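To start, the structure itself, in C-alpha cells.
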Amino acid sequence: MAPHPLDSLSASEIALASGTFRSELLRRGIRSVKSCYVTLVERKPPSMIPTEVPSTDDFPRLAPKLEVIAYLGIATSPTDFTPDKSGVLPKRRAEASLIDTVTGEVYVLTAELKLDGTAFVDSVEKLPKGVQPAITMEELSISEEAVRNDPEVIRLCAEVGITKEQIMCDCWSIGYEHRFGEEKRLQQAFLYARLGKDEHLYAHPLDFNCVVDANAGKVLKIDFAPHRSNPNRPDALSGTTEPHSVEGDSLQDSGRARIPPPMDRQDYLPELIAEKAAAEGKTWDVRRDVKPLHVQQPQGVSFSMEGNRLKWQNWDMHIGYNFREGIVLNTVQYFDKDEGRLRPIIYRASFAEMVVPYAAPEWPHPRKFAFDVGEYGLGMMANSLTLGCDCLGAIHCEHPSFMLWNLQASRLVYGELIGDFQLERETLVEKQGAYQRLILPVSPTDLDAQMSDHAGNAVPLPRCVCIHEEDDGLLWKHSDFRPGGRAHSVRSRKLVIQMICTVANYDYAFAWEFKQDGTMGFEIKLTGILNVYTLAEGEKCDAFGTEVSPRVQAHHHQHIFCLRMDPMIDGLNNSVSETEVHQVEAPTGSPDNWAGNGFYANRTILGTTAEGARMSNALTGRHWTILNEDKTHYSSKAPVGFKIMVKDPVPLLAKPDSIVGRRATFAKKDLWVTPYVDQQLFPAGKFVQQTPTAPKDSLEYWMEGERNIRRTDVVTWLTFGITHLPRPEDWPVMPYEKVSFMIKPVGFFRANPGLDVPSGKDMESVNALKTCCAKL
C-alpha cells in the first residue's frame with residue numbers, strides 16, 4: 001500500500017533523504033555538516049523546477065495542491081457530486097537545511113523520494129548571509145553546556161554564592177541581536193541556580209545572561225541589565241535601555257552592583273513541598289478528598305483510523321505532523337446525509353506561528369520575543385504523552401503508516417496497523433529475508449512521529465499526538481412547559497486531537513476539537529512556569545512585571561498566535577465576508593423605529609488584498625464568514641459558509657516600528673486573507689531565526705497590490721492570544737490560561753446537523769448524595 005501523499009516522512013525516508021543530501025554536498029566539497037531538519041514538502045510547481053533537473057514524468061502534472069485533491073478524489077466545486085480519483089500518486093519530496101560547520105554557510109536541499117528506494121536531488125540553495133534555519137534541540141543542549149562551563153560565567157556565579165554544579169540556564173532564540181554581525185548563529189541564555197535535585201531552578205534567577213555562538217559552542221558576551229534599585233528614585237533605571245557595547249564592561253554600563261539571587265525554595269513538586277515543610281516542622285500533603293473520576297467507553301471509541309486518516313461522527317480528515325507546526329490537519333470533510341456525500345471544508349489547517357514579546361524595555365530584556373514555531377519548531381518540542389493524565393479515557397492506539405525495506409525484492413513495502421488501546425498491536429519485522437508478526441506493547445496515545453538529529457538520523461518521537469473523545473455537556477435541549485409537554489435533550493460529544501509542547505519554561509497544550517453539530521475549533525492551554533528575573537532588595541517592578549515571590553519578578557508579556565487555515569468550503573473558490581451589527585439610525589419615536597429597538601446586520605464581501613487585513617470590533621459584533629458564493633442555502637438564500645468566531649483577539653502592544661513589530665508583522669491584524677500560493681505557509685517567513693525585519697516571503701508582503709480574494713482559492717490567517725500580567729497565583733507553576741477560536745456552519749447544512757444524535761441516558765450515572773434526589 002502506498003503512503004498517503006500527505007503522510008509525514010518515515011524513518012526510512014529520512015535516512016534516504018539525509019544520505020542523498022550529504023552525498024550531494026560532499027560532491028560539492030562540503031565535508032562537515034549538521035542537519036537542522038528533514039521534512040516533507042510539496043513538490044515544486046513545474047515553473048520552479050530547475051531546467052537542469054531531468055523530468056521523469058510521462059505526462060503533464062498539476063500544481064501540487066490540485067494534484068493531491070485529484071488523487072484523493074475530493075470535490076472541487078458545489079456541483080462536483082461524484083469526483084473521480086486521478087490514480088496519479090503525487091511524488092514524495094523531502095527538504096533539509098544543513099549547516100557547513102566549517103564556514104557556517106547554510107544550504108537548503110530538496111529531493112524526490114521514489115518508491116523504488118532511490119532519490120535524486122532536485123534543488124540546492126545556498127542561503128544569503130544572515131538567514132538561519134530553526135534552532136535544534138541538540139544546539140540548545142550544546143549551548144547550555146557551553147554557558148555552564150564558561151570560566152567567566154563560573155566566576156560571576158561564584159561572586160554571588162552559586163557553585164558551578166548549581167548553574168542552570170535556558171537557551172532561547174536570540175530575538176534580534178545586531179552587535180555580532182550577520183554570519184554568526186546566535187542564542188541567548190537565561191541563568192538560574194538549582195540548589196538540589198529536581199528543585200525549582202526558576203526560583204533563583206541570576207542577574208545576567210549570555211549571548212552564545214551556537215556553531216562554535218562559545219559565549220560571546222555577558223549582559224547585565226540595569227535595575228530600578230535606587231531607593232531615592234524608585235522609578236529610575238540605573239542605566240539606559242540601550243544595548244551595551246560588545247567590548248565594554250556590561251556590569252559597569254548597567255550602573256549597579258551585583259545582585260545575589262533569591263535563595264528561598266519555591267517548589268511545585270509535591271514531595272519537595274512536603275520535604276521543605278517537614279524541615280520547618282510543618283506538615284503538608286496533597287488533597288485526600290479528591291475521589292476517582294473515571295472516563296470509560298466499554299464498547300470502544302466512536303472513531304476509526306485508516307493509516308493517518310481519521311473518521312468520526314461524519315467528520316473525515318487526514319492527520320499530518322512535522323517538526324515545525326506539529327499537528328497538521330489535511331482534507332477536512334463532512335459527510336452530509338441530506339446530500340449523501342462528503343463535502344470539503346478545509347484543505348489544510350495548522351498552527352503556523354506565534355510570538356511572545358515581553359514588556360520590560362531595558363536591554364537585554366527586549367530580546368525576549370521568541371517565535372516558538374519558526375525559531376524552534378513546535379513539533380520538535382512535543383511531549384510523549386501519558387495515558388490517564390495528559391490524555392484521559394479511552395485513547396485510540398494507532399501506529400502511523402510504516403515502511404520496510406525488503407532487500408531481496410529491492411522495493412519498499414508499506415503497511416498500516418489499527419487497534420484500540422485495550423488491544424495488542426502487531427507489526428512486521430524482517431527475519432532471514434522474510435517478515436514475521438511481532439506483538440508490541442500498546443502505546444497509550446495515538447500517533448508517533450519521526451524527527452531528525454544533526455547527523456540526519458531519524459529520531460522517534462513516540463506518543464506525540466493524542467486522540468480521544470470527551471463529553472461536551474448539552475448539544476441541544478427543549479422542554480415543552482405545557483402540561484403533558486415533552487422534554488428532549490441530547491448530550492454533546494467532541495473529538496480532541498492534541499499535542500503538548502514544552503518550550504523552555506512554558507508548556508502549551510494545543511488541541512483541535514470537532515463537534516457533532518459540524519463545528520470545529522482550536523484551543524490552546526498555556527501552563528508551565530513564568531519567565532522570571534531577579535530583583536534587588538527593596539526594588540519594585542509594578543510597571544513592567546509582578547513580584548510573584550520575594551525578589552522574583554515575572555515580566556508582563558503577550559502570547560500572540562497565528563493559525564493558517566486554507567478553506568475549501570464546498571470547493572476551491574471561496575470568499576470571505578465581514579458582518580457588523582448596527583443600530584437603526586432612525587430615532588426612537590420615528591415611523592421607522594418607533595420603539596427604538598431596531599438593529600440590523602450588514603455584510604460586506606472582501607474583494608482584494610487591499611481590503612483583506614482586518615481588525616476585530618466588539619462594539620459592532622464584527623465577525624467574518626468563509627463563503628462559497630456558488631452555492632446558496634435552500635431557505636435563507638445566503639451563500640453556504642462557516643463563521644469564524646475568535647473570542648480572544650489581542651493587539652500587538654509593541655510599537656509598529658519596534659524590533660518585534662518589524663519582525664512579527666502578522667500580529668498587527670486579527671484576520672488576513674490572501675490568495676492561495678503554493679508554499680506560502682509561514683506568516684513570519686520560512687526562516688525566522690535572527691531576521692531584522694519580516695522577510696519578503698511573509699504575510700504582510702503577500703498582501704501587497706490589489707490581488708483578487710473573491711470567488712477564488714484563498715487562505716485565511718487568524719491572529720489571537722492573550723496579554724499576560726502575571727499574578728502571584730501563577731507561581732510557582734501556572735494554572736492554565738485558555739485561548740480559542742471556532743468555525744461554525746452558517747447555511748452550510750439544511751438544518752441542525754445534530755438532529756440525528758441519539759438522546760441516550762447514561763446508566764452509570766448515580767445520585768451523588770444519598771440524602772436527596774432519590775428519584776431522577
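Residue numbering restarts at 1 in every chain; chains get A, B, ... in the order shown in the C-alpha cells, and ligands count up from 1 in that same order.
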* To do: Please provide as a list in words all residues within 8 Å of Val715 (chain A), with the sequence filter that same-chain residues fewer than 5 positions apart are discarded (counting only C-alpha atoms).
  =>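 The residues satisfying every condition are Arg564, Met565, Asp566, Pro567, Val673, Thr674, Pro675 and Tyr676 of chain A.
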Give me a file of those residues, with all heavy atoms, as a compact mmCIF listing (two decimals), in the first residue's frame.
# COMPACT_ATOMS: atom_id res chain seq x y z
N ARG A 564 -3.07 29.23 10.44
CA ARG A 564 -3.29 29.27 8.99
C ARG A 564 -4.38 28.26 8.64
O ARG A 564 -4.31 27.09 9.01
CB ARG A 564 -2.01 28.92 8.24
CG ARG A 564 -2.17 28.91 6.71
CD ARG A 564 -0.87 28.41 6.06
NE ARG A 564 -0.92 28.48 4.61
CZ ARG A 564 -1.40 27.51 3.81
NH1 ARG A 564 -1.89 26.40 4.35
NH2 ARG A 564 -1.39 27.66 2.50
N MET A 565 -5.39 28.73 7.93
CA MET A 565 -6.49 27.87 7.52
C MET A 565 -6.74 28.07 6.03
O MET A 565 -7.10 29.16 5.59
CB MET A 565 -7.74 28.19 8.34
CG MET A 565 -8.86 27.18 8.19
SD MET A 565 -10.07 27.31 9.53
CE MET A 565 -10.58 29.02 9.38
N ASP A 566 -6.50 27.01 5.27
CA ASP A 566 -6.72 27.01 3.82
C ASP A 566 -8.09 26.40 3.57
O ASP A 566 -8.24 25.18 3.50
CB ASP A 566 -5.60 26.19 3.16
CG ASP A 566 -5.73 26.14 1.65
OD1 ASP A 566 -6.70 26.69 1.11
OD2 ASP A 566 -4.86 25.52 1.01
N PRO A 567 -9.14 27.23 3.46
CA PRO A 567 -10.50 26.69 3.40
C PRO A 567 -10.81 26.10 2.03
O PRO A 567 -10.20 26.44 1.01
CB PRO A 567 -11.38 27.92 3.69
CG PRO A 567 -10.57 29.07 3.17
CD PRO A 567 -9.13 28.70 3.41
N VAL A 673 -6.49 37.77 4.72
CA VAL A 673 -6.98 36.90 3.64
C VAL A 673 -6.06 37.09 2.45
O VAL A 673 -5.90 38.22 1.95
CB VAL A 673 -8.44 37.22 3.25
CG1 VAL A 673 -8.93 36.20 2.21
CG2 VAL A 673 -9.35 37.22 4.47
N THR A 674 -5.45 36.01 2.00
CA THR A 674 -4.55 36.06 0.85
C THR A 674 -5.01 35.08 -0.21
O THR A 674 -5.65 34.07 0.11
CB THR A 674 -3.10 35.69 1.26
OG1 THR A 674 -3.09 34.36 1.80
CG2 THR A 674 -2.55 36.66 2.28
N PRO A 675 -4.70 35.33 -1.47
CA PRO A 675 -4.92 34.30 -2.49
C PRO A 675 -3.95 33.15 -2.26
O PRO A 675 -2.82 33.36 -1.81
CB PRO A 675 -4.63 35.02 -3.81
CG PRO A 675 -3.77 36.18 -3.44
CD PRO A 675 -4.12 36.57 -2.04
N TYR A 676 -4.40 31.94 -2.53
CA TYR A 676 -3.54 30.77 -2.32
C TYR A 676 -2.36 30.79 -3.28
O TYR A 676 -2.51 31.02 -4.48
CB TYR A 676 -4.33 29.47 -2.53
CG TYR A 676 -3.45 28.25 -2.44
CD1 TYR A 676 -3.16 27.67 -1.20
CD2 TYR A 676 -2.87 27.70 -3.58
CE1 TYR A 676 -2.33 26.58 -1.11
CE2 TYR A 676 -2.04 26.59 -3.49
CZ TYR A 676 -1.76 26.04 -2.25
OH TYR A 676 -0.93 24.96 -2.16
Closest-contact table, region 173-219 of chain A side, partner region 357-366 of chain A, 12 Å, counting only C-alpha atoms, as a Markdown table:
| residue | atom | partner | partner_atom | distance |
| --- | --- | --- | --- | --- |
| A:Ile174 | CA | A:Pro364 | CA | 10.0 |
| A:Gly175 | CA | A:Pro366 | CA | 8.2 |
| A:Tyr176 | CA | A:Pro366 | CA | 9.0 |
| A:Glu177 | CA | A:Pro364 | CA | 9.6 |
| A:Gln188 | CA | A:Pro364 | CA | 9.5 |
| A:Ala189 | CA | A:Pro364 | CA | 10.8 |
| A:Phe190 | CA | A:His365 | CA | 10.3 |
| A:Asp207 | CA | A:Pro364 | CA | 11.2 |
| A:Phe208 | CA | A:Pro364 | CA | 9.1 |
| A:Asn209 | CA | A:Pro364 | CA | 8.1 |
| A:Cys210 | CA | A:Pro364 | CA | 9.4 |
| A:Val211 | CA | A:Pro364 | CA | 10.0 |
* **Residues near region 492-507 of chain A, cut-off 8 Å, only C-alpha atoms, skip fewer than 4 positions along chain, as number ranges by chain** => A: 170-172, 312, 326-327, 372, 378-379, 381-383, 385, 464-476, 511-516, 526-531
Selected residues written out, C-alpha atoms, as a PDB file, in the first residue's frame:
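Dumped everything to part-v6.pdb:
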ATOM      1  CA  ASP A 170      17.592  28.142  29.481  1.00  0.00           C
ATOM      2  CA  CYS A 171      18.837  28.810  25.973  1.00  0.00           C
ATOM      3  CA  TRP A 172      16.451  30.758  23.756  1.00  0.00           C
ATOM      4  CA  TRP A 312     -15.648  10.358  13.485  1.00  0.00           C
ATOM      5  CA  GLY A 326       3.398  19.733  14.815  1.00  0.00           C
ATOM      6  CA  ILE A 327      -0.147  18.588  14.005  1.00  0.00           C
ATOM      7  CA  ASP A 372       8.242  29.310  19.009  1.00  0.00           C
ATOM      8  CA  LEU A 378       6.873  23.109  17.945  1.00  0.00           C
ATOM      9  CA  GLY A 379       6.756  19.601  16.519  1.00  0.00           C
ATOM     10  CA  MET A 381       9.212  20.258  21.301  1.00  0.00           C
ATOM     11  CA  ALA A 382       6.231  17.931  21.692  1.00  0.00           C
ATOM     12  CA  ASN A 383       5.974  15.728  24.778  1.00  0.00           C
ATOM     13  CA  LEU A 385       2.036  11.945  26.317  1.00  0.00           C
ATOM     14  CA  CYS A 464       3.211  12.854  20.489  1.00  0.00           C
ATOM     15  CA  VAL A 465      -0.435  13.107  19.362  1.00  0.00           C
ATOM     16  CA  CYS A 466      -3.386  12.036  21.488  1.00  0.00           C
ATOM     17  CA  ILE A 467      -6.847  11.425  20.012  1.00  0.00           C
ATOM     18  CA  HIS A 468      -9.815  10.928  22.306  1.00  0.00           C
ATOM     19  CA  GLU A 469     -13.470  11.770  22.871  1.00  0.00           C
ATOM     20  CA  GLU A 470     -14.831  13.977  25.635  1.00  0.00           C
ATOM     21  CA  ASP A 471     -18.273  14.703  26.994  1.00  0.00           C
ATOM     22  CA  ASP A 472     -19.186  18.264  25.987  1.00  0.00           C
ATOM     23  CA  GLY A 473     -22.296  18.980  28.011  1.00  0.00           C
ATOM     24  CA  LEU A 474     -25.588  19.593  26.237  1.00  0.00           C
ATOM     25  CA  LEU A 475     -25.760  19.626  22.449  1.00  0.00           C
ATOM     26  CA  TRP A 476     -29.368  20.770  22.437  1.00  0.00           C
ATOM     27  CA  ALA A 511      -5.992  20.824  20.801  1.00  0.00           C
ATOM     28  CA  TRP A 512      -8.149  20.636  17.685  1.00  0.00           C
ATOM     29  CA  GLU A 513     -11.785  19.974  18.564  1.00  0.00           C
ATOM     30  CA  PHE A 514     -14.591  18.606  16.407  1.00  0.00           C
ATOM     31  CA  LYS A 515     -18.241  18.525  17.426  1.00  0.00           C
ATOM     32  CA  GLN A 516     -21.372  16.716  16.304  1.00  0.00           C
ATOM     33  CA  LEU A 526      -0.926  27.882  28.480  1.00  0.00           C
ATOM     34  CA  THR A 527       0.737  26.466  31.567  1.00  0.00           C
ATOM     35  CA  GLY A 528       4.246  25.755  32.846  1.00  0.00           C
ATOM     36  CA  ILE A 529       6.413  28.310  34.616  1.00  0.00           C
ATOM     37  CA  LEU A 530       6.724  32.051  34.162  1.00  0.00           C
ATOM     38  CA  ASN A 531       9.913  33.505  32.753  1.00  0.00           C
TER      39      ASN A 531
END
* List every residue of region 230-324 of chain A that DSSP, applied to the backbone of this structure, assigns to strand (DSSP E or B), and report them as a PyMOL selection string. => chain A and resi 303-306+309-312+315-322
Would you export the selected residues with N, CA, C and O atoms as a CSV table (one decimal), in the first residue's frame, please?
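Contents of selection13.csv, freshly written:
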chain,number,residue,atom,x,y,z
A,303,PHE,N,-14.6,6.5,16.9
A,303,PHE,CA,-13.8,6.9,15.7
A,303,PHE,C,-13.0,5.8,15.2
A,303,PHE,O,-12.8,4.8,15.9
A,304,SER,N,-12.6,5.9,14.0
A,304,SER,CA,-11.7,4.9,13.4
A,304,SER,C,-10.6,5.5,12.7
A,304,SER,O,-10.6,6.7,12.3
A,305,MET,N,-9.5,4.8,12.5
A,305,MET,CA,-8.3,5.2,11.8
A,305,MET,C,-8.0,4.2,10.7
A,305,MET,O,-8.0,3.0,10.9
A,306,GLU,N,-7.6,4.8,9.6
A,306,GLU,CA,-7.1,4.0,8.4
A,306,GLU,C,-5.8,4.7,8.1
A,306,GLU,O,-5.8,5.7,7.4
A,309,ARG,N,-5.7,8.5,8.4
A,309,ARG,CA,-7.0,9.1,8.0
A,309,ARG,C,-8.0,8.8,9.2
A,309,ARG,O,-8.1,7.6,9.6
A,310,LEU,N,-8.6,9.8,9.7
A,310,LEU,CA,-9.5,9.7,10.8
A,310,LEU,C,-10.9,9.9,10.4
A,310,LEU,O,-11.2,10.9,9.7
A,311,LYS,N,-11.8,9.1,10.9
A,311,LYS,CA,-13.3,9.3,10.7
A,311,LYS,C,-14.0,9.3,12.1
A,311,LYS,O,-13.7,8.4,12.9
A,312,TRP,N,-14.9,10.3,12.2
A,312,TRP,CA,-15.6,10.4,13.5
A,312,TRP,C,-16.9,11.2,13.2
A,312,TRP,O,-16.8,12.3,12.8
A,315,TRP,N,-17.3,13.4,10.4
A,315,TRP,CA,-16.0,14.1,10.0
A,315,TRP,C,-15.1,13.1,9.4
A,315,TRP,O,-15.0,11.9,9.8
A,316,ASP,N,-14.3,13.6,8.4
A,316,ASP,CA,-13.3,12.7,7.7
A,316,ASP,C,-12.1,13.6,7.4
A,316,ASP,O,-12.2,14.7,6.8
A,317,MET,N,-10.9,13.2,7.9
A,317,MET,CA,-9.7,14.1,7.7
A,317,MET,C,-8.4,13.2,7.8
A,317,MET,O,-8.5,12.1,8.2
A,318,HIS,N,-7.3,13.8,7.4
A,318,HIS,CA,-6.0,13.2,7.5
A,318,HIS,C,-5.2,14.0,8.5
A,318,HIS,O,-5.3,15.2,8.5
A,319,ILE,N,-4.4,13.3,9.3
A,319,ILE,CA,-3.6,13.9,10.3
A,319,ILE,C,-2.1,13.8,9.9
A,319,ILE,O,-1.6,12.7,9.8
A,320,GLY,N,-1.5,15.0,9.6
A,320,GLY,CA,-0.1,15.0,9.4
A,320,GLY,C,0.7,15.6,10.5
A,320,GLY,O,0.1,16.0,11.5
A,321,TYR,N,2.0,15.5,10.4
A,321,TYR,CA,2.8,16.0,11.5
A,321,TYR,C,4.2,16.4,11.0
A,321,TYR,O,4.7,15.7,10.1
A,322,ASN,N,4.7,17.5,11.4
A,322,ASN,CA,6.1,17.9,11.0
A,322,ASN,C,6.8,18.6,12.2
A,322,ASN,O,6.2,18.9,13.2
* To do: May I have the residues within 8 Å of Asp648 (chain A) as number ranges by chain, using only C-alpha atoms and disregarding those fewer than 2 positions away in the same chain?
  => A: 646, 650, 720-722, 739-741
Residues of region 156-233 of chain A that have any atom at most 9 Å from an atom of region 537-540 of chain A: could you tabulate them with the shortest-distance atom pair and the distance in Å to one decimal, using only C-alpha atoms, ordered by chain and increasing number, as a Markdown table?
| residue | atom | partner | partner_atom | distance |
| --- | --- | --- | --- | --- |
| A:His227 | CA | A:Glu539 | CA | 8.1 |
| A:Arg228 | CA | A:Glu539 | CA | 6.2 |
| A:Ser229 | CA | A:Glu539 | CA | 5.1 |
| A:Asn230 | CA | A:Glu539 | CA | 7.8 |
| A:Pro231 | CA | A:Gly538 | CA | 7.5 |
* **Long-range neighbours of region 251-257 of chain A as a VMD selection string, 6 Å cut-off, only C-alpha atoms, 4 positions minimum in chain** => chain A and resid 224 to 226 238 to 239
Those same residues, written as a PDB file, in the first residue's frame with all heavy atoms?
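Writing done, so here's again-v2.pdb:
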ATOM      1  N   PHE A 224      24.481  42.524  31.562  1.00  0.00           N
ATOM      2  CA  PHE A 224      23.839  42.858  32.828  1.00  0.00           C
ATOM      3  C   PHE A 224      22.788  43.933  32.554  1.00  0.00           C
ATOM      4  O   PHE A 224      23.095  44.980  31.980  1.00  0.00           O
ATOM      5  CB  PHE A 224      24.861  43.396  33.831  1.00  0.00           C
ATOM      6  CG  PHE A 224      25.822  42.369  34.343  1.00  0.00           C
ATOM      7  CD1 PHE A 224      26.987  42.075  33.639  1.00  0.00           C
ATOM      8  CD2 PHE A 224      25.570  41.701  35.531  1.00  0.00           C
ATOM      9  CE1 PHE A 224      27.883  41.132  34.118  1.00  0.00           C
ATOM     10  CE2 PHE A 224      26.463  40.758  36.014  1.00  0.00           C
ATOM     11  CZ  PHE A 224      27.622  40.469  35.306  1.00  0.00           C
ATOM     12  N   ALA A 225      21.575  43.672  32.955  1.00  0.00           N
ATOM     13  CA  ALA A 225      20.508  44.659  32.764  1.00  0.00           C
ATOM     14  C   ALA A 225      20.576  45.715  33.856  1.00  0.00           C
ATOM     15  O   ALA A 225      20.897  45.407  35.015  1.00  0.00           O
ATOM     16  CB  ALA A 225      19.150  43.975  32.790  1.00  0.00           C
ATOM     17  N   PRO A 226      20.261  46.969  33.536  1.00  0.00           N
ATOM     18  CA  PRO A 226      20.119  47.976  34.596  1.00  0.00           C
ATOM     19  C   PRO A 226      18.892  47.675  35.457  1.00  0.00           C
ATOM     20  O   PRO A 226      17.982  46.949  35.021  1.00  0.00           O
ATOM     21  CB  PRO A 226      19.958  49.282  33.814  1.00  0.00           C
ATOM     22  CG  PRO A 226      19.411  48.872  32.494  1.00  0.00           C
ATOM     23  CD  PRO A 226      19.991  47.505  32.206  1.00  0.00           C
ATOM     24  N   SER A 238      19.060  52.367  36.609  1.00  0.00           N
ATOM     25  CA  SER A 238      20.459  52.647  36.926  1.00  0.00           C
ATOM     26  C   SER A 238      21.283  52.923  35.669  1.00  0.00           C
ATOM     27  O   SER A 238      22.381  53.482  35.747  1.00  0.00           O
ATOM     28  CB  SER A 238      21.074  51.477  37.692  1.00  0.00           C
ATOM     29  OG  SER A 238      20.974  50.285  36.932  1.00  0.00           O
ATOM     30  N   GLY A 239      20.795  52.523  34.520  1.00  0.00           N
ATOM     31  CA  GLY A 239      21.441  52.795  33.239  1.00  0.00           C
ATOM     32  C   GLY A 239      20.380  53.148  32.217  1.00  0.00           C
ATOM     33  O   GLY A 239      19.276  53.572  32.570  1.00  0.00           O
TER      34      GLY A 239
END
* To do: Extract, using only C-alpha atoms, all DNA, RNA and protein residues at most 10 Å from region 543-548 of chain A, discarding same-chain residues fewer than 6 positions from it, and format them as a PyMOL selection string.
  => chain A and resi 203+235+358-361+530+532-535+554-557+724-732
* Pairwise distance for CA of Gly217 (chain A) and CA of Ile99 (chain A), rounded to one decimal in Å -> 14.3 Å
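Among the candidate residues A:Lys643, A:His488, A:Arg265, A:Leu652, the one lying nearest to Ala277 (chain A) is A:Arg265, with distances computed using only C-alpha atoms.
Across the model, the gap from CA of Thr519 (chain A) to CA of Asp756 (chain A) is 15.3 Å.
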* **Best match for closeness to Leu627 (chain A) among A:Ile259, A:Ile345, A:Val68, A:Val660, counting only C-alpha atoms** => A:Ile345
* Can you pull out every residue within 12 Å of region 592-600 of chain A, counting only C-alpha atoms, but drop anything in the same chain fewer than 4 positions away, and send it as a PyMOL selection string? => chain A and resi 579-588+620-621
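For region 150-217 of chain A, a DSSP pass over the backbone yields helix (DSSP H, G or I) at Pro151, Glu152, Val153, Ile154, Arg155, Leu156, Cys157, Ala158, Glu159, Lys164, Glu165, Gln166, Leu201, Tyr202 and Ala203 of chain A.
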Output file for the selection above: N, CA, C and O atoms, as a PDB file, in the first residue's frame:
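Ended up saving to selection_19.pdb:
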ATOM      1  N   PRO A 151      34.420  29.840  31.870  1.00  0.00           N
ATOM      2  CA  PRO A 151      35.129  30.298  33.077  1.00  0.00           C
ATOM      3  C   PRO A 151      34.589  31.605  33.652  1.00  0.00           C
ATOM      4  O   PRO A 151      34.502  31.757  34.877  1.00  0.00           O
ATOM      5  N   GLU A 152      34.249  32.542  32.783  1.00  0.00           N
ATOM      6  CA  GLU A 152      33.748  33.817  33.279  1.00  0.00           C
ATOM      7  C   GLU A 152      32.366  33.661  33.907  1.00  0.00           C
ATOM      8  O   GLU A 152      32.065  34.294  34.927  1.00  0.00           O
ATOM      9  N   VAL A 153      31.531  32.836  33.339  1.00  0.00           N
ATOM     10  CA  VAL A 153      30.217  32.559  33.935  1.00  0.00           C
ATOM     11  C   VAL A 153      30.398  31.917  35.305  1.00  0.00           C
ATOM     12  O   VAL A 153      29.718  32.299  36.287  1.00  0.00           O
ATOM     13  N   ILE A 154      31.305  30.962  35.402  1.00  0.00           N
ATOM     14  CA  ILE A 154      31.555  30.292  36.684  1.00  0.00           C
ATOM     15  C   ILE A 154      32.044  31.305  37.720  1.00  0.00           C
ATOM     16  O   ILE A 154      31.617  31.296  38.884  1.00  0.00           O
ATOM     17  N   ARG A 155      32.931  32.208  37.316  1.00  0.00           N
ATOM     18  CA  ARG A 155      33.446  33.221  38.245  1.00  0.00           C
ATOM     19  C   ARG A 155      32.335  34.165  38.713  1.00  0.00           C
ATOM     20  O   ARG A 155      32.219  34.464  39.918  1.00  0.00           O
ATOM     21  N   LEU A 156      31.503  34.618  37.777  1.00  0.00           N
ATOM     22  CA  LEU A 156      30.426  35.532  38.140  1.00  0.00           C
ATOM     23  C   LEU A 156      29.408  34.861  39.063  1.00  0.00           C
ATOM     24  O   LEU A 156      28.866  35.510  39.971  1.00  0.00           O
ATOM     25  N   CYS A 157      29.157  33.596  38.852  1.00  0.00           N
ATOM     26  CA  CYS A 157      28.227  32.881  39.734  1.00  0.00           C
ATOM     27  C   CYS A 157      28.827  32.723  41.129  1.00  0.00           C
ATOM     28  O   CYS A 157      28.130  32.866  42.149  1.00  0.00           O
ATOM     29  N   ALA A 158      30.120  32.433  41.189  1.00  0.00           N
ATOM     30  CA  ALA A 158      30.774  32.280  42.488  1.00  0.00           C
ATOM     31  C   ALA A 158      30.705  33.572  43.295  1.00  0.00           C
ATOM     32  O   ALA A 158      30.606  33.551  44.534  1.00  0.00           O
ATOM     33  N   GLU A 159      30.743  34.734  42.605  1.00  0.00           N
ATOM     34  CA  GLU A 159      30.665  36.024  43.304  1.00  0.00           C
ATOM     35  C   GLU A 159      29.372  36.180  44.094  1.00  0.00           C
ATOM     36  O   GLU A 159      29.329  36.920  45.083  1.00  0.00           O
ATOM     37  N   LYS A 164      29.577  25.961  40.518  1.00  0.00           N
ATOM     38  CA  LYS A 164      29.484  25.502  39.129  1.00  0.00           C
ATOM     39  C   LYS A 164      28.397  24.447  38.972  1.00  0.00           C
ATOM     40  O   LYS A 164      27.645  24.454  37.993  1.00  0.00           O
ATOM     41  N   GLU A 165      28.298  23.553  39.947  1.00  0.00           N
ATOM     42  CA  GLU A 165      27.322  22.457  39.845  1.00  0.00           C
ATOM     43  C   GLU A 165      25.886  22.963  39.935  1.00  0.00           C
ATOM     44  O   GLU A 165      24.961  22.287  39.489  1.00  0.00           O
ATOM     45  N   GLN A 166      25.679  24.141  40.483  1.00  0.00           N
ATOM     46  CA  GLN A 166      24.323  24.682  40.640  1.00  0.00           C
ATOM     47  C   GLN A 166      23.876  25.531  39.452  1.00  0.00           C
ATOM     48  O   GLN A 166      22.710  25.897  39.373  1.00  0.00           O
ATOM     49  N   LEU A 201      14.390  25.519  39.756  1.00  0.00           N
ATOM     50  CA  LEU A 201      15.517  26.381  39.388  1.00  0.00           C
ATOM     51  C   LEU A 201      15.082  27.813  39.112  1.00  0.00           C
ATOM     52  O   LEU A 201      15.840  28.756  39.336  1.00  0.00           O
ATOM     53  N   TYR A 202      13.828  27.992  38.608  1.00  0.00           N
ATOM     54  CA  TYR A 202      13.394  29.348  38.269  1.00  0.00           C
ATOM     55  C   TYR A 202      13.165  30.221  39.497  1.00  0.00           C
ATOM     56  O   TYR A 202      12.980  31.434  39.371  1.00  0.00           O
ATOM     57  N   ALA A 203      13.178  29.630  40.687  1.00  0.00           N
ATOM     58  CA  ALA A 203      13.053  30.416  41.916  1.00  0.00           C
ATOM     59  C   ALA A 203      14.325  31.182  42.234  1.00  0.00           C
ATOM     60  O   ALA A 203      14.324  32.051  43.114  1.00  0.00           O
TER      61      ALA A 203
END
* Counting only C-alpha atoms, figure out which residue out of A:Glu353, A:Asp336, A:Glu629, A:Glu700 gets nearest to Asn752 (chain A). => A:Asp336
* To do: Go through A:Lys631, A:Gly661, A:His478, A:Leu220 and flag the residue nearest Val490 (chain A), using only C-alpha atoms for the distances.
  =>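 Going through A:Lys631, A:Gly661, A:His478, A:Leu220 one by one, the smallest distance to Val490 (chain A) is for A:His478.
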Per-residue nearest contacts of region 214-331 of chain A to region 138-147 of chain A (9 Å; only C-alpha atoms) as JSON lines:
{"residue": "A:Ala214", "atom": "CA", "partner": "A:Ser143", "partner_atom": "CA", "distance": 6.0}
{"residue": "A:Asn215", "atom": "CA", "partner": "A:Glu139", "partner_atom": "CA", "distance": 8.0}
{"residue": "A:Gly217", "atom": "CA", "partner": "A:Ala146", "partner_atom": "CA", "distance": 5.6}
{"residue": "A:Lys218", "atom": "CA", "partner": "A:Ala146", "partner_atom": "CA", "distance": 5.9}
{"residue": "A:Val219", "atom": "CA", "partner": "A:Val147", "partner_atom": "CA", "distance": 6.4}
